[in-house]
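These notes concern the structure reproduced below.
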Amino acid sequence: MQLPRPSGVVTLLTDFGALDPYAGVMRGAVLRAMPRANVVDLCHEVPPQDVALGALFLGSAVRRFPSGTVHVAVVDPGVGTARRVLCACAAECFWLAPDNGLLSGVLAAAGESEVRAVDTNALGLVPSGRTFHGRDVFAPLAGWLANGRYGFQALGPRCTDPHRAEDLREGPPRVIHVDRYGNLITNLGAGAIAGAAAVRIGGTRVPVAATYGDTRKDALVAVVNSYELVEIAANLGNAACVLDVGVGAPVAVDPTP
Amino acid sequence: MQLPRPSGVVTLLTDFGALDPYAGVMRGAVLRAMPRANVVDLCHEVPPQDVALGALFLGSAVRRFPSGTVHVAVVDPGVGTARRVLCACAAECFWLAPDNGLLSGVLAAAGESEVRAVDTNALGLVPSGRTFHGRDVFAPLAGWLANGRYGFQALGPRCTDPHRAEDLREGPPRVIHVDRYGNLITNLGAGAIAGAAAVRIGGTRVPVAATYGDTRKDALVAVVNSYELVEIAANLGNAACVLDVGVGAPVAVDPTP
Amino acid sequence: MQLPRPSGVVTLLTDFGALDPYAGVMRGAVLRAMPRANVVDLCHEVPPQDVALGALFLGSAVRRFPSGTVHVAVVDPGVGTARRVLCACAAECFWLAPDNGLLSGVLAAAGESEVRAVDTNALGLVPSGRTFHGRDVFAPLAGWLANGRYGFQALGPRCTDPHRAEDLREGPPRVIHVDRYGNLITNLGAGAIAGAAAVRIGGTRVPVAATYGDTRKDALVAVVNSYELVEIAANLGNAACVLDVGVGAPVAVDPTP
């Protein structure tokens with residue numbers, strides 16, 4: 001496959017949160033490898049160890065960054081165990097993550113892809129401990145890919161069996177995430193509501209609209225959101241509070257025309 | 001008016017919060033237009049849809065960034081509706097925002113300014129959806145302004161009637177924001193307490209001081225803060241907790257000499 | 001001592017939090033001095049005025065960023081009072097902070113170091129107020145160091161008596177910080193558990209392990225973490241909740257072999 005030229009951009013997605021200097025120190029480890037790297041955050045508030053949500057978030061970056069971006073994702077409950085370190089080349093970018101399914105959303109969205117199992121020993125990556133491979137393994141790797149010290153194919157052998165995480169987009173129609181606005185993100189794809197007038201959640205009928213402001217204040221709407229998923233929102237309000245529902249709540253397309 | 005030369009710096013102010021990858025994906029959209037853009041965050045924790053507070057926060061960036069910085073502000077409850085997209089040139093910087101009053105603080109603080117209504121169609125901006133114009137409209141625009149693909153005057157016709165938001169600096173003297181320290185930020189300007197010895201809030205007399213440490217631990221002080229507004233703080237403590245007051249609480253300059 | 005060449009990287013550690021534009025405006029002040037500075041966040045969620053924890057966090061950056069990085073730390077309850085502004089050169093980086101002990105962790109970890117008391121008047125730093133020296137003093141200084149406008153030795157006279165903060169690594173064995181995972185970070189060094197099989201906390205015996213995943217789900221482990229301190233964690237869980245303990249809880253090395 002055609003490999004993109006590194007852009008110098010490195011993104012970080014983790015479950016490190018903002019309360020500690022973990023993400024900061026990881027930025028430092030990228031910059032030690034490449035002081036001029038353009039390091040930006042994708043998100044650091046994946047709930048602790050929530051690989052499935054991390055995979056959804058990471059997938060939202062597909063085709064949203066420059067060609068040759070190095071994306072680093074660390075939601076890594078198996079840090080320091082025998083789990084592999086993977087690097088995918090997909091959708092003109094590189095994607096580094098532990099082999100626990102975190103790449104699932106990217107591989108599903110990207111079309112053609114190639115995955116390598118990183119041979120950390122051969123690359124001279126000797127972690128100083130077994131608890132923070134974001135800093136000791138993933139960040140230096142990202143810097144080396146971004147500055148061209150190692151090419152993708154030099155990272156290690158091809159991997160044809162990456163671990164798959166639970167795919168939140170699959171399974172029964174339900175709320176899979178509540179965002180900071182209280183919008184209820186479902187796993188119904190845009191196609192599921194093509195031609196439909198409404199969806200149903202917890203006994204409530206929610207009309208389909210094109211965007212939030214297409215209704216009166218506090219009224220509920222179902223829109224196709226930026227994940228290309230159906231989302232239930234309250235215009236200028238908080239749908240999760242209005243409906244008193246959360247992750248897991250069943251949703252259905254309303255059959256009434 | 002004299003247009004500044006782009007500095008390559010792009011700032012982001014939104015109500016996206018940190019829990020989701022929205023701000024991250026928006027950074028990506030800036031970088032797709034300009035991979036070497038220096039993208040920095042002004043603030044992403046404007047409360048959802050709080051345009052008035054967003055306008056206050058955005059105003060605090062006036063003359064605090066390099067000449068030619070492109071500031072992007074997205075607190076946009078009307079996303080996907082007919083509301084216009086504006087770009088102001090003011091105080092040697094560019095300011096992109098939806099036409100909902102978010103630019104009010106900047107236009108009030110900046111002195112001379114010029115505003116353009118961005119002709120998104122003419123610029124080839126075809127959003128892939130109607131719910132995330134931060135990613136699909138504002139971020140690419142910011143990148144194009146920052147890398148010189150479009151000059152300010154090419155963005156669209158002059159706009160002489162930008163929407164004005166509620167100006168938190170106006171209206172009755174009161175607390176307009178509580179910051180992370182529990183400091184009570186009021187809409188009293190520095191001039192209001194010139195020569196005064198104290199302010200009053202909720203029955204409590206709070207002496208005017210030059211800075212927080214000018215009193216004993218936990219004692220209340222009224223200082224002129226970095227917004228050039230009067231702020232009531234507890235030295236090494238939390239004034240909002242000490243006084244049990246919040247946004248909207250009336251304040252007054254104490255008449256006693 | 002040998003002075004490093006500036007790398008163009010500037011890091012920020014503060015207690016400003018994310019709710020306000022304070023950190024954003026501080027980034028702007030660095031960029032006004034050096035528009036191409038590579039400004040990255042170390043952490044902004046140091047609890048308000050918690051200098052001791054800030055010193056621990058800042059110390060975690062030692063040898064984790066490129067040579068010549070300018071680190072700026074602002075946890076500064078004495079802002080606007082007579083407290084000095086310090087700059088240390090240590091471990092091949094520069095460290096700017098108020099003279100309140102915030103540099104303690106760096107100076108303890110770095111080995112050889114030299115500290116200067118910054119002569120802000122001589123450098124023409126005239127703050128526009130007395131409440132936000134992060135913006136008005138520290139950030140411009142960082143930009144000037146990073147772009148070479150001033151060398152380290154031109155900042156001011158040598159300082160041989162920097163203020164020392166409480167060193168969280170000292171004192172009785174206890175929990176000194178709970179991180180976002182609920183991991184209990186203690187002040188026991190790695191050496192304290194060499195050869196030990198377990199530690200004790202609140203009546204519970206916690207076996208020593210090499211990493212989190214070396215036990216079953218929800219089981220407690222004691223590991224050496226990325227601070228090189230003993231940390232009590234629950235595999236895939238929250239140790240602080242499981243044990244119902246927090247900062248200050250006593251810990252001990254279990255004498256049983």
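To be explicit about the labels: the chains of the structure tokens are called A, B, and onward in the order shown, and within each one the residues are counted from 1, while ligands get numbers from 1 in the order they are shown.
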
List every residue of range 201-231 of chain B that DSSP, applied to the backbone of this structure, assigns to strand (DSSP E or B), and report them as a list in words.
->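 Here are the strand (DSSP E or B) residues of range 201-231 of chain B: Ile201, Thr204, Arg205, Val206, Pro207, Val208, Leu220, Val221, Ala222, Val223, Val224, Leu229, Val230 and Glu231 of chain B.
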
Excluding Tyr181 in chain C and any residue of its chain fewer than 3 positions from it, enumerate the residues within 12 Å of it, using only C-alpha atoms, and give them as a PyMOL selection string.
-> (chain A and resi 15-20+22+45-50+75+77) or (chain C and resi 177-178+184-185+212+231-242)

Could you name the residues that touch Pro257 in chain C at 10 Å or less, counting only C-alpha atoms, but leaving out those on the same chain fewer than 5 positions away, as a list in words?
->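 Here the qualifying residues turn out to be Gly195, Ala196, Ala197 and Ala198 of chain C.
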
Interface list for chain A, partner chain C, 6 Å threshold, only C-alpha atoms, as a list in words = Leu19, Pro21, Gly24, Gly28, Ala29, Arg32, Gly78, Gly80, Arg130 and Thr131 of chain A

Atomic separation - CA of Val126 in chain B relative to CA of Pro35 in chain B, Å |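 Pair CA of Pro35 in chain B / CA of Val126 in chain B returns 20.7 Å.
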
Taking the chain letters and numbering used in this document, name the residues of range 56-168 of chain C that DSSP puts in alpha helix (DSSP H), as a ChimeraX atom specification.
-> /C:56-59,104-110,133,139-146

Quick one: residues within 12 Å of Gly111 in chain B, only C-alpha atoms counted, chain neighbours fewer than 2 positions away excluded, as a list in words?
-> Met1, Val62, Arg63, Ala88, Cys89, Ala90, Ala91, Glu92, Ser104, Gly105, Val106, Leu107, Ala108, Ala109, Ser113 and Glu114 of chain B

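Atom to atom, CA of Pro255 in chain A and CA of Phe132 in chain B stand 28.1 Å apart.
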